[in-house]
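Quick notes on the structure that follows.
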Protein chains: 2
Amino acid sequence: MPKLSPSAIEKNKGRIEEAAKKLFIKQGFHATSMRNIAGRAGTSLGNVYNYYRTKEEILGSIIGKYQTTIDGRLRAIFDEIDEPLKPESLVRFGQQIKKMVNDHHDFWLLMYIDVLEFENRHFRKMFEGLVHNLRRRFATQFEELKSRGAVHDDVDPAVGFTAVYMQFFNYFLVEKLFGGNHHFGLTDEQVITQLTGMYCRGLLQNRGASRKGAKRKTKTQSG
Amino acid sequence: MPKLSPSAIEKNKGRIEEAAKKLFIKQGFHATSMRNIAGRAGTSLGNVYNYYRTKEEILGSIIGKYQTTIDGRLRAIFDEIDEPLKPESLVRFGQQIKKMVNDHHDFWLLMYIDVLEFENRHFRKMFEGLVHNLRRRFATQFEELKSRGAVHDDVDPAVGFTAVYMQFFNYFLVEKLFGGNHHFGLTDEQVITQLTGMYCRGLLQNRGASRKGAKRKTKTQSG
DNA sequence: AAAAGAAAAACGAACGTTCGTGTTTTTCAG
DNA sequence: CTGAAAAACACGAACGTTCGTTTTTCTTTT
């Protein structure tokens with residue numbers, strides 16, 4: 001038999017990893033057996049070892065590939081944000097985070113597996129330097145906000161945006177993985193708008209607007 | 001042999017559970033063996049089965065006891081809060097949440113174990129009805145804030161406080177369990193004051209104060 | 001025939017649990 | 001007061017599986 005083409009190898013690996021991922025997520029890493037993986041992947045036990053040397057190597061490969069998927073997804077979400085602290089942006093941002101969490105909820109379970117069984121070895125960099133990355137990503141926008149005086153003097157917009165990000169992210173994670181079952185007592189959409197409102201008022205300078213009872217005119221601030 | 005006194009039984013169970021807890025946390029539930037637990041508890045394999053019928057029963061008992069510990073801890077934290085949305089209260093609140101997360105970081109790992117290996121069977125109620133509970137706990141304070149007009153009309157103080165709680169909680173959890181390593185780019189103390197500032201401005205009505213450059217006088221609001 | 005992927009068999013170790021057997025203390029008949 | 005039966009905890013060997021991995025044996029294509 002000749003050597004399989006790289007694409008064929010990838011296809012086989014793909015089937016094995018898909019099976020392994022589902023099982024890891026359903027029952028954890030240690031509770032999943034190689035026989036289990038092989039069976040679900042429609043191949044034999046021995047053959048799995050033609051593609052991976054150990055079980056952990058399978059996990060590593062899954063996480064590695066998934067990591068780049070998530071990175072891309074996040075980048076896409078950030079890329080469509082023009083003005084990071086504008087209410088409309090944050091609402092849309094919240095909706096996107098919700099979708100991301102729900103679409104890839106396996107990934108976050110893998111993260112927990114990693115925390116528990118490997119002391120977060122594979123995911124260390126996920127939250128390291130979060131603010132730093134966001135600050136760099138939106139450097140021009142944040143600087144513009146600062147110089148325009150749109151944000152409070154004692155507020156770092158990068159920190160504020162990070163807080164929003166983490167709040168959204170965590171909210172939907174709890175909803176999805178912990179059975180939060182609307183733990184804010186509102187619909188997801190309401191949570192997004194409520195949080196957005198809170199953050200915007202908390203972060204942005206509101207020049208003489210929004211007294212009690214006064215209807216907001218949204219675009220009082222011009223520059 | 002006569003029946004052991006209830007206190008003696010509790011003592012023995014305590015040693016077994018202490019050992020099991022450490023091992024579960026270090027390596028997960030399925031990766032921990034009964035022999036492992038027995039060895040660390042200084043007893044024999046068979047004897048463990050005199051106290052528990054299965055391995056899962058040990059986990060259940062650990063979680064149950066820990067749950068009441070955490071509940072008490074949280075109640076104590078809430079009990080010393082007089083005015084839930086006052087900046088000083090929130091700063092102190094943040095510090096307490098930090099301590100709670102750090103003191104019981106095993107507990108949160110157990111929570112992840114539960115999410116992963118038991119579909120969150122034992123922890124379901126942890127986040128269910130969170131807002132509802134907080135709203136009841138601080139009913140008088142929240143109503144007073146509302147009637148005094150201290151909060152924005154479109155803000156539910158219970159939701160706001162829940163948001164603060166979750167944000168603090170999640171921040172320190174990420175720091176502790178995910179190796180966040182100051183993922184907000186600030187010291188913990190700075191994070192607490194920054195977040196507090198954001199939330200207060202976002203939640204509380206600021207009557208004509210805090211224009212750019214104007215030093216805040218904190219207690220401009222009277223009636 | 002040669003090469004390599006796939007399958008199956010085999011291996012030793014470890015698993016959760018059961019079971020039989022100590023070991024120790026109480027009970028109570030004598 | 002004695003000592004045998006009873007009761008219950010402690011123990012570890014043993015059971016039947018299952019584990020991750022290795023080795024061997026097909027099977028298929030060059």
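Going through the structure tokens in order, the chains are called A, B, and so on, while each chain numbers its residues from 1 and the ligands are numbered from 1 in the order shown.
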What are the nearest atom pairs, with distances in Å to one decimal, for all residues of chain C that come at most 9 Å from chain B, using only C-alpha atoms (C1' of nucleotides), set out by chain and rising residue number as a Markdown table?
```
| residue | atom | partner | partner_atom | distance |
| --- | --- | --- | --- | --- |
| C:DA14 | C1' | B:Ser33 | CA | 9.0 |
| C:DC15 | C1' | B:Ser33 | CA | 7.2 |
| C:DG16 | C1' | B:Met34 | CA | 7.4 |
| C:DT17 | C1' | B:Thr54 | CA | 8.3 |
| C:DT23 | C1' | B:Met1 | CA | 8.9 |
| C:DT24 | C1' | B:Met1 | CA | 5.8 |
| C:DT25 | C1' | B:Met1 | CA | 4.3 |
| C:DT26 | C1' | B:Pro2 | CA | 5.9 |
```
Print the selection's residues with C-alpha atoms (C1' of nucleotides) to a file, as a PDB file, in the first residue's frame.
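Result file is again-v5.pdb:
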```pdb
ATOM      1  C1'  DA C  14      -5.510  -0.772  37.039  1.00  0.00           C
ATOM      2  C1'  DC C  15     -10.287  -0.092  37.791  1.00  0.00           C
ATOM      3  C1'  DG C  16     -14.823  -0.267  41.004  1.00  0.00           C
ATOM      4  C1'  DT C  17     -16.837  -3.375  43.718  1.00  0.00           C
ATOM      5  C1'  DT C  23     -10.175  -7.892  65.124  1.00  0.00           C
ATOM      6  C1'  DT C  24     -12.147  -5.576  68.700  1.00  0.00           C
ATOM      7  C1'  DT C  25     -15.763  -4.406  71.870  1.00  0.00           C
ATOM      8  C1'  DT C  26     -20.308  -5.132  73.880  1.00  0.00           C
TER       9       DT C  26
END
```
Got a sec to pull out which chain B residues are within 8 Å of chain A, counting only C-alpha atoms, and send them as number ranges by chain? B: 25-28, 30-31, 109, 112-113, 115-118, 120, 123-124, 127-132, 149, 152-153, 155, 159-160, 162-163, 166-167, 170, 174, 177-185, 194-195, 197-203, 205, 207-208, 211-213
Residue subset to file, keeping C-alpha atoms, as a short mmCIF file (atom, residue, chain, number, x, y, z; two decimals), in the first residue's frame:
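Written file, part23.cif:
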```cif
data_model
loop_
_atom_site.label_atom_id
_atom_site.label_comp_id
_atom_site.auth_asym_id
_atom_site.auth_seq_id
_atom_site.Cartn_x
_atom_site.Cartn_y
_atom_site.Cartn_z
CA ILE B 25 -9.41 18.38 42.43
CA LYS B 26 -5.91 17.43 41.47
CA GLN B 27 -6.77 14.88 38.81
CA GLY B 28 -10.50 14.77 38.26
CA HIS B 30 -12.57 9.43 36.93
CA ALA B 31 -8.83 9.64 37.20
CA LEU B 109 -13.04 22.98 40.49
CA TYR B 112 -16.29 22.08 36.77
CA ILE B 113 -15.97 18.38 37.48
CA VAL B 115 -20.30 20.19 34.68
CA LEU B 116 -18.04 17.87 32.77
CA GLU B 117 -18.66 14.47 34.24
CA PHE B 118 -22.21 14.74 35.54
CA ASN B 120 -23.92 19.71 36.31
CA PHE B 123 -24.71 22.18 41.01
CA ARG B 124 -27.82 22.95 39.03
CA PHE B 127 -27.10 29.89 39.43
CA GLU B 128 -30.77 29.17 39.01
CA GLY B 129 -32.85 32.08 40.12
CA LEU B 130 -29.81 34.11 41.07
CA VAL B 131 -31.45 37.46 40.48
CA HIS B 132 -34.60 36.32 42.22
CA GLY B 149 -34.84 58.03 42.48
CA HIS B 152 -31.96 55.27 36.58
CA ASP B 153 -35.55 54.60 35.67
CA VAL B 155 -32.39 50.08 35.58
CA VAL B 159 -30.09 43.00 37.84
CA GLY B 160 -27.36 45.58 38.27
CA THR B 162 -26.23 40.59 39.97
CA ALA B 163 -24.09 41.87 37.14
CA MET B 166 -21.01 37.88 38.46
CA GLN B 167 -18.33 40.16 37.10
CA ASN B 170 -15.83 35.56 37.20
CA VAL B 174 -10.36 33.33 35.82
CA LEU B 177 -8.22 28.80 37.87
CA PHE B 178 -7.28 29.83 34.37
CA GLY B 179 -3.98 31.48 35.07
CA GLY B 180 -5.37 34.82 33.98
CA ASN B 181 -2.31 36.44 35.49
CA HIS B 182 -3.83 39.89 35.78
CA HIS B 183 -5.84 39.50 32.62
CA PHE B 184 -7.26 43.00 33.09
CA GLY B 185 -3.75 44.38 33.10
CA GLN B 194 -12.36 50.46 38.18
CA LEU B 195 -15.32 48.12 37.95
CA GLY B 197 -16.62 53.12 39.24
CA MET B 198 -18.04 51.85 36.01
CA TYR B 199 -21.03 50.21 37.59
CA CYS B 200 -21.86 53.08 39.88
CA ARG B 201 -21.81 55.60 37.09
CA GLY B 202 -23.76 53.17 34.99
CA LEU B 203 -26.37 52.43 37.59
CA GLN B 205 -28.37 58.74 38.70
CA ARG B 207 -27.65 64.71 39.14
CA GLY B 208 -25.72 67.29 37.23
CA ARG B 211 -18.65 66.93 34.13
CA LYS B 212 -15.28 66.52 32.56
CA GLY B 213 -12.59 67.83 34.88
#
```
Would you kindly report the residues of chain D within 8 Å of chain B, using only C-alpha atoms (C1' of nucleotides), as a list in words? DA7, DA8, DC9, DA10, DC11 and DG12 of chain D
Report as a list in words all protein, DNA and RNA residues lying within 10 Å of DC19 of chain C, evaluated on only C-alpha atoms (C1' of nucleotides), omitting residues in the same chain fewer than 5 positions from it.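 Once the nearby chain positions are removed, what remains is Gly46 of chain B; DA13, DA14 and DC15 of chain D.
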Which of segment 17-213 of chain A DSSP labels alpha helix (DSSP H), written as JSON, numbers by chain: {"A": [17, 18, 19, 20, 21, 22, 23, 24, 25, 26, 27, 34, 35, 36, 37, 38, 39, 40, 41, 45, 46, 47, 48, 55, 56, 57, 58, 59, 60, 61, 62, 63, 64, 65, 66, 67, 68, 69, 70, 71, 72, 73, 74, 75, 76, 77, 78, 79, 87, 88, 89, 90, 91, 92, 93, 94, 95, 96, 97, 98, 99, 100, 101, 102, 103, 105, 106, 107, 108, 109, 110, 111, 112, 113, 114, 115, 116, 117, 118, 130, 131, 132, 133, 134, 135, 136, 137, 139, 140, 141, 142, 143, 144, 145, 146, 147, 148, 157, 158, 159, 160, 161, 162, 163, 164, 165, 166, 167, 168, 169, 170, 171, 172, 173, 174, 175, 176, 177, 188, 189, 190, 191, 192, 193, 194, 195, 196, 197, 198, 199, 200, 201, 202, 203]}
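Picture a line from atom C1' of DT23 of chain D to atom CA of Ser7 of chain A; it runs 28.3 Å.
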So that I can check the surroundings of segment 63-71 of chain B, please list as a list in words every protein, DNA and RNA residue that reaches within 10 Å of it, counting only C-alpha atoms (C1' of nucleotides) and ignoring chain neighbours fewer than 3 positions away.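 Non-adjacent residues within range: Glu17, Lys21, Glu57, Ile58, Leu59, Gly60, Leu74, Arg75, Ala76, Ile77, Met100, Val101, His104, Asp106, Phe107, Leu110, Met111, Asp114, His122, Phe123 and Met126 of chain B.
Going from atom CA of Lys146 of chain B to atom CA of Thr187 of chain A covers 22.1 Å.
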